[in-house]
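**Student:** This one is query-v9.pdb, PDB, C-alpha atoms, pLDDT in the B column.
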ATOM      1  CA  MET A   1      65.738 102.865 116.939  1.00 43.00           C
ATOM      2  CA  LYS A   2      63.352 100.959 119.189  1.00 43.00           C
ATOM      3  CA  LYS A   3      64.491  97.476 118.254  1.00 47.00           C
ATOM      4  CA  LEU A   4      68.112  98.313 119.139  1.00 49.00           C
ATOM      5  CA  LYS A   5      67.441  99.735 122.584  1.00 54.00           C
ATOM      6  CA  LYS A   6      68.214  96.510 124.403  1.00 83.00           C
ATOM      7  CA  LYS A   7      71.314  95.286 122.611  1.00 92.00           C
ATOM      8  CA  ALA A   8      74.728  94.823 124.225  1.00 95.00           C
ATOM      9  CA  ILE A   9      77.706  95.177 121.869  1.00 97.00           C
ATOM     10  CA  ILE A  10      81.193  93.909 122.726  1.00 97.00           C
ATOM     11  CA  ILE A  11      84.144  94.860 120.511  1.00 96.00           C
ATOM     12  CA  PHE A  12      87.431  92.953 120.587  1.00 95.00           C
ATOM     13  CA  GLY A  13      90.594  93.634 118.630  1.00 94.00           C
ATOM     14  CA  PRO A  14      94.381  93.932 118.961  1.00 92.00           C
ATOM     15  CA  PRO A  15      96.101  97.263 119.686  1.00 88.00           C
ATOM     16  CA  GLY A  16      95.342  99.703 116.874  1.00 88.00           C
ATOM     17  CA  ALA A  17      92.321  97.784 115.581  1.00 93.00           C
ATOM     18  CA  GLY A  18      90.065 100.763 116.299  1.00 91.00           C
ATOM     19  CA  LYS A  19      87.933  99.419 119.153  1.00 91.00           C
ATOM     20  CA  GLY A  20      87.525 102.824 120.803  1.00 86.00           C
ATOM     21  CA  THR A  21      86.944 104.532 117.466  1.00 88.00           C
ATOM     22  CA  GLN A  22      84.147 102.123 116.538  1.00 94.00           C
ATOM     23  CA  ALA A  23      82.571 102.352 120.003  1.00 92.00           C
ATOM     24  CA  LEU A  24      82.506 106.147 119.690  1.00 88.00           C
ATOM     25  CA  ARG A  25      80.996 106.025 116.187  1.00 92.00           C
ATOM     26  CA  LEU A  26      78.310 103.528 117.228  1.00 94.00           C
ATOM     27  CA  GLU A  27      77.553 105.562 120.337  1.00 93.00           C
ATOM     28  CA  LYS A  28      76.817 108.613 118.174  1.00 91.00           C
ATOM     29  CA  ILE A  29      74.905 106.750 115.459  1.00 93.00           C
ATOM     30  CA  LEU A  30      72.797 104.439 117.629  1.00 93.00           C
ATOM     31  CA  GLY A  31      72.546 106.433 120.834  1.00 92.00           C
ATOM     32  CA  PHE A  32      74.048 103.555 122.828  1.00 94.00           C
ATOM     33  CA  TYR A  33      76.122 104.042 125.979  1.00 93.00           C
ATOM     34  CA  HIS A  34      79.868 103.477 125.529  1.00 91.00           C
ATOM     35  CA  PHE A  35      80.967 101.699 128.692  1.00 88.00           C
ATOM     36  CA  ASP A  36      84.605 102.339 129.565  1.00 79.00           C
ATOM     37  CA  THR A  37      85.536 100.785 132.929  1.00 78.00           C
ATOM     38  CA  GLY A  38      88.385 103.226 133.573  1.00 74.00           C
ATOM     39  CA  ARG A  39      86.131 106.173 132.796  1.00 77.00           C
ATOM     40  CA  GLU A  40      83.409 104.847 135.110  1.00 85.00           C
ATOM     41  CA  ILE A  41      85.891 104.415 137.980  1.00 87.00           C
ATOM     42  CA  GLU A  42      87.169 107.948 137.468  1.00 84.00           C
ATOM     43  CA  LYS A  43      83.627 109.365 137.605  1.00 86.00           C
ATOM     44  CA  VAL A  44      82.935 107.710 140.966  1.00 92.00           C
ATOM     45  CA  ILE A  45      86.225 108.555 142.677  1.00 92.00           C
ATOM     46  CA  SER A  46      86.128 112.160 141.401  1.00 87.00           C
ATOM     47  CA  ASP A  47      82.549 112.872 142.501  1.00 90.00           C
ATOM     48  CA  PRO A  48      82.632 115.413 145.388  1.00 90.00           C
ATOM     49  CA  LYS A  49      79.722 113.570 147.038  1.00 92.00           C
ATOM     50  CA  ASN A  50      81.887 110.467 147.474  1.00 93.00           C
ATOM     51  CA  GLN A  51      84.968 112.029 149.042  1.00 92.00           C
ATOM     52  CA  LYS A  52      83.959 111.140 152.616  1.00 92.00           C
ATOM     53  CA  ASP A  53      83.421 107.473 151.794  1.00 94.00           C
ATOM     54  CA  PRO A  54      86.465 105.558 153.169  1.00 94.00           C
ATOM     55  CA  GLU A  55      86.165 102.765 150.594  1.00 95.00           C
ATOM     56  CA  ILE A  56      86.078 105.190 147.681  1.00 94.00           C
ATOM     57  CA  ARG A  57      89.018 107.139 149.128  1.00 94.00           C
ATOM     58  CA  LYS A  58      90.956 103.870 149.254  1.00 95.00           C
ATOM     59  CA  GLN A  59      90.118 103.068 145.633  1.00 92.00           C
ATOM     60  CA  LYS A  60      91.018 106.615 144.605  1.00 92.00           C
ATOM     61  CA  GLU A  61      94.481 106.260 146.138  1.00 91.00           C
ATOM     62  CA  LEU A  62      95.018 102.997 144.264  1.00 88.00           C
ATOM     63  CA  PHE A  63      93.742 104.449 140.986  1.00 83.00           C
ATOM     64  CA  GLU A  64      95.810 107.638 141.177  1.00 81.00           C
ATOM     65  CA  SER A  65      98.972 105.725 142.112  1.00 79.00           C
ATOM     66  CA  GLY A  66      98.639 103.665 138.955  1.00 67.00           C
ATOM     67  CA  LYS A  67      97.639 100.471 140.774  1.00 77.00           C
ATOM     68  CA  LEU A  68      94.600  98.341 139.996  1.00 73.00           C
ATOM     69  CA  CYS A  69      91.483  98.958 142.063  1.00 83.00           C
ATOM     70  CA  ASP A  70      90.135  96.021 144.075  1.00 86.00           C
ATOM     71  CA  PRO A  71      88.506  93.606 141.565  1.00 77.00           C
ATOM     72  CA  GLN A  72      85.447  92.988 143.764  1.00 82.00           C
ATOM     73  CA  TRP A  73      84.834  96.730 144.131  1.00 89.00           C
ATOM     74  CA  VAL A  74      85.144  97.208 140.361  1.00 84.00           C
ATOM     75  CA  GLU A  75      82.770  94.298 139.705  1.00 80.00           C
ATOM     76  CA  LYS A  76      80.128  95.844 141.970  1.00 86.00           C
ATOM     77  CA  LEU A  77      80.601  99.213 140.247  1.00 88.00           C
ATOM     78  CA  VAL A  78      80.204  97.651 136.802  1.00 84.00           C
ATOM     79  CA  GLU A  79      77.136  95.652 137.846  1.00 84.00           C
ATOM     80  CA  LYS A  80      75.475  98.696 139.406  1.00 87.00           C
ATOM     81  CA  LYS A  81      76.056 100.813 136.287  1.00 87.00           C
ATOM     82  CA  ILE A  82      74.823  98.143 133.889  1.00 87.00           C
ATOM     83  CA  LYS A  83      71.655  97.599 135.918  1.00 86.00           C
ATOM     84  CA  LYS A  84      71.096 101.360 135.956  1.00 88.00           C
ATOM     85  CA  LEU A  85      71.361 101.386 132.154  1.00 86.00           C
ATOM     86  CA  LYS A  86      68.830  98.563 131.810  1.00 73.00           C
ATOM     87  CA  GLY A  87      66.770  99.082 128.697  1.00 69.00           C
ATOM     88  CA  LYS A  88      69.427 101.130 126.919  1.00 88.00           C
ATOM     89  CA  GLY A  89      71.902  99.810 124.371  1.00 93.00           C
ATOM     90  CA  ILE A  90      75.461  99.459 125.651  1.00 95.00           C
ATOM     91  CA  ILE A  91      78.874  99.119 123.982  1.00 96.00           C
ATOM     92  CA  PHE A  92      82.025  97.608 125.499  1.00 93.00           C
ATOM     93  CA  SER A  93      85.345  98.223 123.744  1.00 88.00           C
ATOM     94  CA  GLY A  94      88.106  95.802 124.720  1.00 72.00           C
ATOM     95  CA  SER A  95      86.231  94.439 127.710  1.00 80.00           C
ATOM     96  CA  PRO A  96      85.912  91.790 129.082  1.00 87.00           C
ATOM     97  CA  ARG A  97      89.645  91.350 128.674  1.00 81.00           C
ATOM     98  CA  THR A  98      90.147  88.237 130.814  1.00 84.00           C
ATOM     99  CA  LEU A  99      88.250  84.981 131.321  1.00 90.00           C
ATOM    100  CA  ASP A 100      87.468  85.944 134.913  1.00 88.00           C
ATOM    101  CA  GLU A 101      85.919  89.237 133.746  1.00 86.00           C
ATOM    102  CA  ALA A 102      83.917  87.432 131.065  1.00 92.00           C
ATOM    103  CA  GLN A 103      82.561  84.856 133.515  1.00 93.00           C
ATOM    104  CA  LYS A 104      81.151  87.692 135.620  1.00 89.00           C
ATOM    105  CA  LEU A 105      80.040  90.105 132.894  1.00 92.00           C
ATOM    106  CA  ILE A 106      78.388  87.786 130.353  1.00 95.00           C
ATOM    107  CA  PRO A 107      75.866  86.157 132.748  1.00 94.00           C
ATOM    108  CA  LEU A 108      74.851  89.650 133.885  1.00 90.00           C
ATOM    109  CA  LEU A 109      74.349  90.788 130.278  1.00 93.00           C
ATOM    110  CA  GLU A 110      72.380  87.618 129.520  1.00 94.00           C
ATOM    111  CA  LYS A 111      70.104  88.327 132.472  1.00 90.00           C
ATOM    112  CA  ILE A 112      69.479  91.951 131.500  1.00 89.00           C
ATOM    113  CA  TYR A 113      69.585  91.860 127.676  1.00 91.00           C
ATOM    114  CA  GLY A 114      69.075  88.194 126.776  1.00 92.00           C
ATOM    115  CA  LYS A 115      71.625  86.044 124.929  1.00 95.00           C
ATOM    116  CA  LYS A 116      70.152  86.800 121.485  1.00 94.00           C
ATOM    117  CA  ASN A 117      70.749  90.527 122.066  1.00 94.00           C
ATOM    118  CA  ILE A 118      74.470  90.199 122.845  1.00 96.00           C
ATOM    119  CA  TYR A 119      76.545  90.991 119.755  1.00 97.00           C
ATOM    120  CA  VAL A 120      80.288  90.289 119.790  1.00 98.00           C
ATOM    121  CA  PHE A 121      82.541  91.771 117.110  1.00 98.00           C
ATOM    122  CA  LYS A 122      86.204  90.892 116.595  1.00 98.00           C
ATOM    123  CA  LEU A 123      88.117  93.493 114.585  1.00 97.00           C
ATOM    124  CA  ASN A 124      90.907  91.853 112.602  1.00 97.00           C
ATOM    125  CA  VAL A 125      93.990  93.778 111.460  1.00 97.00           C
ATOM    126  CA  SER A 126      97.450  92.578 110.480  1.00 97.00           C
ATOM    127  CA  GLU A 127     100.460  92.991 112.753  1.00 95.00           C
ATOM    128  CA  LYS A 128     101.840  95.477 110.215  1.00 95.00           C
ATOM    129  CA  THR A 129      98.691  97.630 110.440  1.00 94.00           C
ATOM    130  CA  SER A 130      98.644  97.421 114.230  1.00 92.00           C
ATOM    131  CA  ILE A 131     102.249  98.622 114.449  1.00 91.00           C
ATOM    132  CA  PHE A 132     101.712 101.416 111.912  1.00 90.00           C
ATOM    133  CA  ARG A 133      98.574 102.755 113.610  1.00 88.00           C
ATOM    134  CA  ASN A 134     100.136 102.637 117.065  1.00 84.00           C
ATOM    135  CA  THR A 135     103.233 104.512 115.933  1.00 83.00           C
ATOM    136  CA  HIS A 136     101.209 107.234 114.181  1.00 80.00           C
ATOM    137  CA  ARG A 137      98.245 107.788 116.464  1.00 80.00           C
ATOM    138  CA  LYS A 138      97.307 110.966 118.289  1.00 85.00           C
ATOM    139  CA  MET A 139      96.219 111.342 121.906  1.00 83.00           C
ATOM    140  CA  CYS A 140      93.885 113.802 123.621  1.00 85.00           C
ATOM    141  CA  SER A 141      95.777 116.213 125.871  1.00 86.00           C
ATOM    142  CA  ARG A 142      92.939 116.146 128.429  1.00 83.00           C
ATOM    143  CA  CYS A 143      91.184 112.764 128.556  1.00 79.00           C
ATOM    144  CA  GLY A 144      93.843 110.625 126.885  1.00 73.00           C
ATOM    145  CA  TYR A 145      91.502 109.290 124.186  1.00 77.00           C
ATOM    146  CA  PRO A 146      93.566 107.630 121.406  1.00 78.00           C
ATOM    147  CA  VAL A 147      92.799 108.496 117.777  1.00 83.00           C
ATOM    148  CA  ILE A 148      94.071 105.900 115.317  1.00 77.00           C
ATOM    149  CA  PHE A 149      95.652 107.105 112.090  1.00 79.00           C
ATOM    150  CA  SER A 150      93.549 106.989 108.923  1.00 81.00           C
ATOM    151  CA  GLU A 151      92.674 109.208 105.975  1.00 81.00           C
ATOM    152  CA  GLU A 152      89.619 110.330 107.948  1.00 82.00           C
ATOM    153  CA  THR A 153      91.530 111.290 111.118  1.00 84.00           C
ATOM    154  CA  GLU A 154      94.812 112.509 109.613  1.00 84.00           C
ATOM    155  CA  ASP A 155      93.839 116.208 109.870  1.00 89.00           C
ATOM    156  CA  TRP A 156      92.003 116.041 113.213  1.00 91.00           C
ATOM    157  CA  LYS A 157      93.267 118.634 115.681  1.00 92.00           C
ATOM    158  CA  PHE A 158      90.733 118.250 118.503  1.00 94.00           C
ATOM    159  CA  CYS A 159      89.439 115.316 120.537  1.00 90.00           C
ATOM    160  CA  PRO A 160      86.061 113.960 119.330  1.00 86.00           C
ATOM    161  CA  LEU A 161      85.103 113.247 122.958  1.00 84.00           C
ATOM    162  CA  CYS A 162      85.972 116.369 124.949  1.00 88.00           C
ATOM    163  CA  GLY A 163      87.185 118.877 122.340  1.00 91.00           C
ATOM    164  CA  ALA A 164      90.671 119.319 123.824  1.00 93.00           C
ATOM    165  CA  PRO A 165      93.713 119.597 121.498  1.00 94.00           C
ATOM    166  CA  LEU A 166      95.266 116.385 120.184  1.00 92.00           C
ATOM    167  CA  PHE A 167      98.992 115.717 120.194  1.00 88.00           C
ATOM    168  CA  VAL A 168     101.099 113.163 118.357  1.00 80.00           C
ATOM    169  CA  ARG A 169     102.010 110.413 120.776  1.00 70.00           C
ATOM    170  CA  VAL A 170     105.665 109.576 121.340  1.00 63.00           C
ATOM    171  CA  LEU A 171     106.339 106.646 119.051  1.00 59.00           C
ATOM    172  CA  ASP A 172     106.061 103.211 120.618  1.00 68.00           C
ATOM    173  CA  LYS A 173     108.771 100.803 119.572  1.00 81.00           C
ATOM    174  CA  PRO A 174     107.581  98.019 117.241  1.00 86.00           C
ATOM    175  CA  GLU A 175     108.970  95.445 119.706  1.00 87.00           C
ATOM    176  CA  VAL A 176     106.728  96.823 122.470  1.00 83.00           C
ATOM    177  CA  ILE A 177     103.664  96.760 120.208  1.00 87.00           C
ATOM    178  CA  LYS A 178     104.418  93.177 119.133  1.00 91.00           C
ATOM    179  CA  LYS A 179     104.528  92.211 122.808  1.00 87.00           C
ATOM    180  CA  ARG A 180     101.143  93.887 123.412  1.00 86.00           C
ATOM    181  CA  ILE A 181      99.676  92.009 120.437  1.00 91.00           C
ATOM    182  CA  LYS A 182     100.861  88.683 121.880  1.00 91.00           C
ATOM    183  CA  GLU A 183      99.416  89.615 125.291  1.00 86.00           C
ATOM    184  CA  TYR A 184      96.088  90.451 123.647  1.00 90.00           C
ATOM    185  CA  GLN A 185      96.024  87.118 121.821  1.00 92.00           C
ATOM    186  CA  LYS A 186      96.909  85.205 124.996  1.00 91.00           C
ATOM    187  CA  GLU A 187      94.264  86.979 127.105  1.00 87.00           C
ATOM    188  CA  THR A 188      91.509  87.006 124.490  1.00 90.00           C
ATOM    189  CA  LYS A 189      91.710  83.374 123.332  1.00 94.00           C
ATOM    190  CA  PRO A 190      90.094  81.885 126.488  1.00 96.00           C
ATOM    191  CA  VAL A 191      87.469  84.668 126.483  1.00 95.00           C
ATOM    192  CA  LEU A 192      86.443  83.889 122.900  1.00 96.00           C
ATOM    193  CA  GLU A 193      86.376  80.153 123.666  1.00 97.00           C
ATOM    194  CA  TYR A 194      84.125  80.876 126.654  1.00 98.00           C
ATOM    195  CA  LEU A 195      81.745  82.896 124.463  1.00 98.00           C
ATOM    196  CA  LYS A 196      81.596  80.072 121.904  1.00 97.00           C
ATOM    197  CA  LYS A 197      80.738  77.574 124.653  1.00 97.00           C
ATOM    198  CA  LYS A 198      77.975  79.959 125.736  1.00 97.00           C
ATOM    199  CA  LYS A 199      76.657  79.818 122.131  1.00 96.00           C
ATOM    200  CA  ILE A 200      77.224  83.547 121.679  1.00 97.00           C
ATOM    201  CA  LYS A 201      78.089  84.290 118.060  1.00 95.00           C
ATOM    202  CA  ILE A 202      81.318  86.149 117.308  1.00 97.00           C
ATOM    203  CA  TYR A 203      81.273  88.271 114.143  1.00 98.00           C
ATOM    204  CA  GLU A 204      84.619  88.586 112.359  1.00 98.00           C
ATOM    205  CA  ILE A 205      85.094  92.131 111.023  1.00 98.00           C
ATOM    206  CA  ASP A 206      87.790  93.395 108.649  1.00 98.00           C
ATOM    207  CA  GLY A 207      89.372  96.268 110.581  1.00 97.00           C
ATOM    208  CA  GLU A 208      91.765  97.312 107.799  1.00 96.00           C
ATOM    209  CA  PRO A 209      89.477  99.742 105.854  1.00 95.00           C
ATOM    210  CA  LEU A 210      88.593 103.318 106.818  1.00 92.00           C
ATOM    211  CA  PRO A 211      86.702 103.637 110.149  1.00 92.00           C
ATOM    212  CA  SER A 212      83.450 104.524 108.341  1.00 92.00           C
ATOM    213  CA  LEU A 213      83.623 101.324 106.268  1.00 95.00           C
ATOM    214  CA  VAL A 214      84.302  99.233 109.370  1.00 96.00           C
ATOM    215  CA  THR A 215      81.257 100.826 111.022  1.00 96.00           C
ATOM    216  CA  LYS A 216      79.117  99.851 108.020  1.00 95.00           C
ATOM    217  CA  GLN A 217      80.203  96.223 108.390  1.00 96.00           C
ATOM    218  CA  ILE A 218      79.132  96.250 112.045  1.00 96.00           C
ATOM    219  CA  LEU A 219      75.778  97.908 111.327  1.00 95.00           C
ATOM    220  CA  GLU A 220      75.043  95.347 108.618  1.00 93.00           C
ATOM    221  CA  LYS A 221      75.632  92.519 111.109  1.00 94.00           C
ATOM    222  CA  LEU A 222      73.281  94.286 113.518  1.00 92.00           C
ATOM    223  CA  ASN A 223      70.656  94.239 110.746  1.00 84.00           C
ATOM    224  CA  PHE A 224      70.151  97.958 111.091  1.00 74.00           C
ATOM    225  CA  SER A 225      70.369  99.240 107.532  1.00 61.00           C
ATOM    226  CA  LYS A 226      68.575 102.508 108.353  1.00 62.00           C
ATOM    227  CA  ALA A 227      71.584 103.661 110.380  1.00 63.00           C
ATOM    228  CA  LEU A 228      73.901 103.262 107.372  1.00 61.00           C
ATOM    229  CA  ASP A 229      72.778 106.683 106.130  1.00 64.00           C
ATOM    230  CA  LYS A 230      74.322 108.247 109.255  1.00 66.00           C
ATOM    231  CA  VAL A 231      77.807 106.755 108.737  1.00 63.00           C
TER     232      VAL A 231
END
For this file, produce the structure as structure tokens.

**Tutor:**
Amino acid sequence: MKKLKKKAIIIFGPPGAGKGTQALRLEKILGFYHFDTGREIEKVISDPKNQKDPEIRKQKELFESGKLCDPQWVEKLVEKKIKKLKGKGIIFSGSPRTLDEAQKLIPLLEKIYGKKNIYVFKLNVSEKTSIFRNTHRKMCSRCGYPVIFSEETEDWKFCPLCGAPLFVRVLDKPEVIKKRIKEYQKETKPVLEYLKKKKIKIYEIDGEPLPSLVTKQILEKLNFSKALDKV
């Protein structure tokens, strides 16, 4: 595991591509830290030690009302956490989502991990697959973690993250999912172009197969064949 300790993995993909699923699998197999911005914000604003901090109280009100937290505050939070994790592998699923986020995150990752240790994976699935998975997925009743539909997850009854019961999500309309796919493509295109200009390689991954087979594709690109036995 030593040679993977300082790698940063970024996973992109349209709705239903399995970004969260792959991040979770890689976290367990490689021992990397799965960085979820929303989860990190929730940890800070929910910590009893922070309740007297006026700035955190302000961000908590924004977060709980469904509004976006102040971008500068979030950036500082992200930077602080990444620096704290220095020396440990890290996985981002679906982030950075915008060009502005990428222009702040990537230079930080380059400084801490080095450009050659940043691995970007783009999970590709058809619009048909995206719609099917989103209209058949389950959600965790406690933490909200989405579980995409597959032969491997079809019989799952409990959340792989927190162990709470899963429930079948109310079906999203195909029109809504198509709109989300277009939004993803619009937002991600400039991010991917930015990464290419930075000479950071983007690995195209077939996201259609079972989650375990997708994980194997990623591990092969990471040149870590020993971990394949754990998939």

**Student:** I'd like the contact shell of A:Ile181 - 10 Å cut-off, all atoms listed in the file, skipping same-chain residues fewer than 4 positions apart - returned as a ChimeraX atom specification.

**Tutor:** /A:13-16,127,130-131,175-177,185-187

**Student:** Can I get the selected residues back with C-alpha atoms, as a short mmCIF file (atom, residue, chain, number, x, y, z; two decimals), keeping the file's coordinate frame?

**Tutor:**
data_model
loop_
_atom_site.label_atom_id
_atom_site.label_comp_id
_atom_site.auth_asym_id
_atom_site.auth_seq_id
_atom_site.Cartn_x
_atom_site.Cartn_y
_atom_site.Cartn_z
CA GLY A 13 90.59 93.63 118.63
CA PRO A 14 94.38 93.93 118.96
CA PRO A 15 96.10 97.26 119.69
CA GLY A 16 95.34 99.70 116.87
CA GLU A 127 100.46 92.99 112.75
CA SER A 130 98.64 97.42 114.23
CA ILE A 131 102.25 98.62 114.45
CA GLU A 175 108.97 95.44 119.71
CA VAL A 176 106.73 96.82 122.47
CA ILE A 177 103.66 96.76 120.21
CA GLN A 185 96.02 87.12 121.82
CA LYS A 186 96.91 85.20 125.00
CA GLU A 187 94.26 86.98 127.10
#

**Student:** Quick check, in Å to one decimal: how far apart do atom CA of A:Phe92 and atom CA of A:Ile11 lie?

**Tutor:** 6.1 Å

**Student:** I'd like the residues picked by the PyMOL selection byres ((chain A and resi 31-41) around 8) written out as a PyMOL selection string, using the chain letters and numbers from the file.

**Tutor:** chain A and resi 5+23-24+26-30+42-45+74+77-78+88-93

**Student:** Report, in Å to a single decimal, how far apart atom CA of A:Lys86 and atom CA of A:Val214 are.

**Tutor:** 27.3 Å

**Student:** Around all the atoms of stretch 105-111 of chain A listed in the file, draw an axis-aligned box and extend it by 3 Å on each of the six sides; I want its centre and edge lengths in Å to one decimal, as lines of an AutoDock Vina configuration file.

**Tutor:**
center_x = 75.1
center_y = 88.5
center_z = 131.7
size_x = 15.9
size_y = 10.6
size_z = 10.4

**Student:** From the list A:Leu85, A:Val168, A:Cys140, A:Val120, which residue is nearest A:Ile202 when using all atoms listed in the file?

**Tutor:**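 Among the listed residues, the smallest separation from A:Ile202 belongs to A:Val120.
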
**Student:** Might you spell out which residues the PyMOL selection byres ((chain A and resi 150-153) around 10) would select in the displayed file, as a list in words?

**Tutor:**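 Checking the PyMOL selection byres ((chain A and resi 150-153) around 10) against this file, the residues are Arg133, His136, Arg137, Lys138, Val147, Ile148, Phe149, Glu154, Asp155, Trp156, Lys157, Glu208, Pro209, Leu210, Pro211 and Ser212 of chain A.
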
**Student:** Tell me which protein, DNA and RNA residues are within 9 Å of A:Tyr194, counting all atoms listed in the file, leaving out same-chain ones fewer than 6 positions away, and put them as a ChimeraX atom specification.

**Tutor:** /A:99,102-103,200

**Student:** Of the candidates A:Leu123, A:Cys159, A:Ile82, A:Cys69, which shows the shortest atom-to-atom distance to A:Gln217, using only C-alpha atoms?

**Tutor:** A:Leu123

**Student:** Quote the spacing between atom CA of A:Phe158 and atom CA of A:Gln22 in Å to one decimal place.

**Tutor:**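 These two atoms are separated by 17.5 Å.
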
**Student:** With distances taken over only C-alpha atoms, which residue among A:Leu166, A:Leu195, A:Leu222, A:Ala8 lies nearest A:Gly114?

**Tutor:**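 Counting only C-alpha atoms, the residue closest to A:Gly114 is A:Ala8.
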
**Student:** Rank nothing, just name the residue among A:Arg169, A:Lys116, A:Arg97, A:Lys67 nearest to A:Gly144, using all atoms listed in the file.

**Tutor:**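 Smallest separation from A:Gly144 among the options: A:Arg169.
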
**Student:** When you count all atoms listed in the file, which of these residues is closest to A:Lys7: A:Ile106, A:Ile112, A:Cys143, A:Ile118?

**Tutor:** A:Ile118

**Student:** Quick one: of A:Phe224, A:Tyr119, A:Tyr113, A:Phe12, who's nearest to A:Pro96, counting only C-alpha atoms?

**Tutor:**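 Among the listed residues, A:Phe12 lies closest to A:Pro96.
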
**Student:** Could you add whatever atoms are missing so that stretch 189-205 of chain A carries N, CA and C atoms, then write the result as a PDB file, in the coordinates of the input?

**Tutor:**
ATOM      1  N   LYS A 189      92.037  84.732 123.789  1.00 94.00           N
ATOM      2  CA  LYS A 189      91.710  83.374 123.332  1.00 94.00           C
ATOM      3  C   LYS A 189      90.746  82.643 124.273  1.00 94.00           C
ATOM      4  N   PRO A 190      91.036  82.576 125.588  1.00 96.00           N
ATOM      5  CA  PRO A 190      90.094  81.885 126.488  1.00 96.00           C
ATOM      6  C   PRO A 190      88.742  82.586 126.606  1.00 96.00           C
ATOM      7  N   VAL A 191      88.731  83.915 126.428  1.00 95.00           N
ATOM      8  CA  VAL A 191      87.469  84.668 126.483  1.00 95.00           C
ATOM      9  C   VAL A 191      86.590  84.286 125.296  1.00 95.00           C
ATOM     10  N   LEU A 192      87.187  84.246 124.109  1.00 96.00           N
ATOM     11  CA  LEU A 192      86.443  83.889 122.900  1.00 96.00           C
ATOM     12  C   LEU A 192      85.950  82.441 122.961  1.00 96.00           C
ATOM     13  N   GLU A 193      86.781  81.556 123.520  1.00 97.00           N
ATOM     14  CA  GLU A 193      86.376  80.153 123.666  1.00 97.00           C
ATOM     15  C   GLU A 193      85.189  80.042 124.621  1.00 97.00           C
ATOM     16  N   TYR A 194      85.220  80.855 125.676  1.00 98.00           N
ATOM     17  CA  TYR A 194      84.125  80.876 126.654  1.00 98.00           C
ATOM     18  C   TYR A 194      82.825  81.336 125.991  1.00 98.00           C
ATOM     19  N   LEU A 195      82.922  82.372 125.158  1.00 98.00           N
ATOM     20  CA  LEU A 195      81.745  82.896 124.463  1.00 98.00           C
ATOM     21  C   LEU A 195      81.162  81.856 123.507  1.00 98.00           C
ATOM     22  N   LYS A 196      82.053  81.115 122.827  1.00 97.00           N
ATOM     23  CA  LYS A 196      81.596  80.072 121.904  1.00 97.00           C
ATOM     24  C   LYS A 196      80.861  78.968 122.658  1.00 97.00           C
ATOM     25  N   LYS A 197      81.382  78.602 123.826  1.00 97.00           N
ATOM     26  CA  LYS A 197      80.738  77.574 124.653  1.00 97.00           C
ATOM     27  C   LYS A 197      79.364  78.050 125.127  1.00 97.00           C
ATOM     28  N   LYS A 198      79.250  79.372 125.300  1.00 97.00           N
ATOM     29  CA  LYS A 198      77.975  79.959 125.736  1.00 97.00           C
ATOM     30  C   LYS A 198      77.007  80.132 124.556  1.00 97.00           C
ATOM     31  N   LYS A 199      77.470  79.710 123.355  1.00 96.00           N
ATOM     32  CA  LYS A 199      76.657  79.818 122.131  1.00 96.00           C
ATOM     33  C   LYS A 199      76.373  81.278 121.751  1.00 96.00           C
ATOM     34  N   ILE A 200      77.342  82.136 122.063  1.00 97.00           N
ATOM     35  CA  ILE A 200      77.224  83.547 121.679  1.00 97.00           C
ATOM     36  C   ILE A 200      78.050  83.746 120.407  1.00 97.00           C
ATOM     37  N   LYS A 201      77.413  84.159 119.349  1.00 95.00           N
ATOM     38  CA  LYS A 201      78.089  84.290 118.060  1.00 95.00           C
ATOM     39  C   LYS A 201      79.103  85.421 118.059  1.00 95.00           C
ATOM     40  N   ILE A 202      80.258  85.150 117.430  1.00 97.00           N
ATOM     41  CA  ILE A 202      81.318  86.149 117.308  1.00 97.00           C
ATOM     42  C   ILE A 202      81.431  86.532 115.836  1.00 97.00           C
ATOM     43  N   TYR A 203      81.207  87.794 115.524  1.00 98.00           N
ATOM     44  CA  TYR A 203      81.273  88.271 114.143  1.00 98.00           C
ATOM     45  C   TYR A 203      82.685  88.766 113.826  1.00 98.00           C
ATOM     46  N   GLU A 204      83.284  88.183 112.800  1.00 98.00           N
ATOM     47  CA  GLU A 204      84.619  88.586 112.359  1.00 98.00           C
ATOM     48  C   GLU A 204      84.477  89.800 111.441  1.00 98.00           C
ATOM     49  N   ILE A 205      85.181  90.884 111.789  1.00 98.00           N
ATOM     50  CA  ILE A 205      85.094  92.131 111.023  1.00 98.00           C
ATOM     51  C   ILE A 205      86.474  92.527 110.501  1.00 98.00           C
TER      52      ILE A 205
END
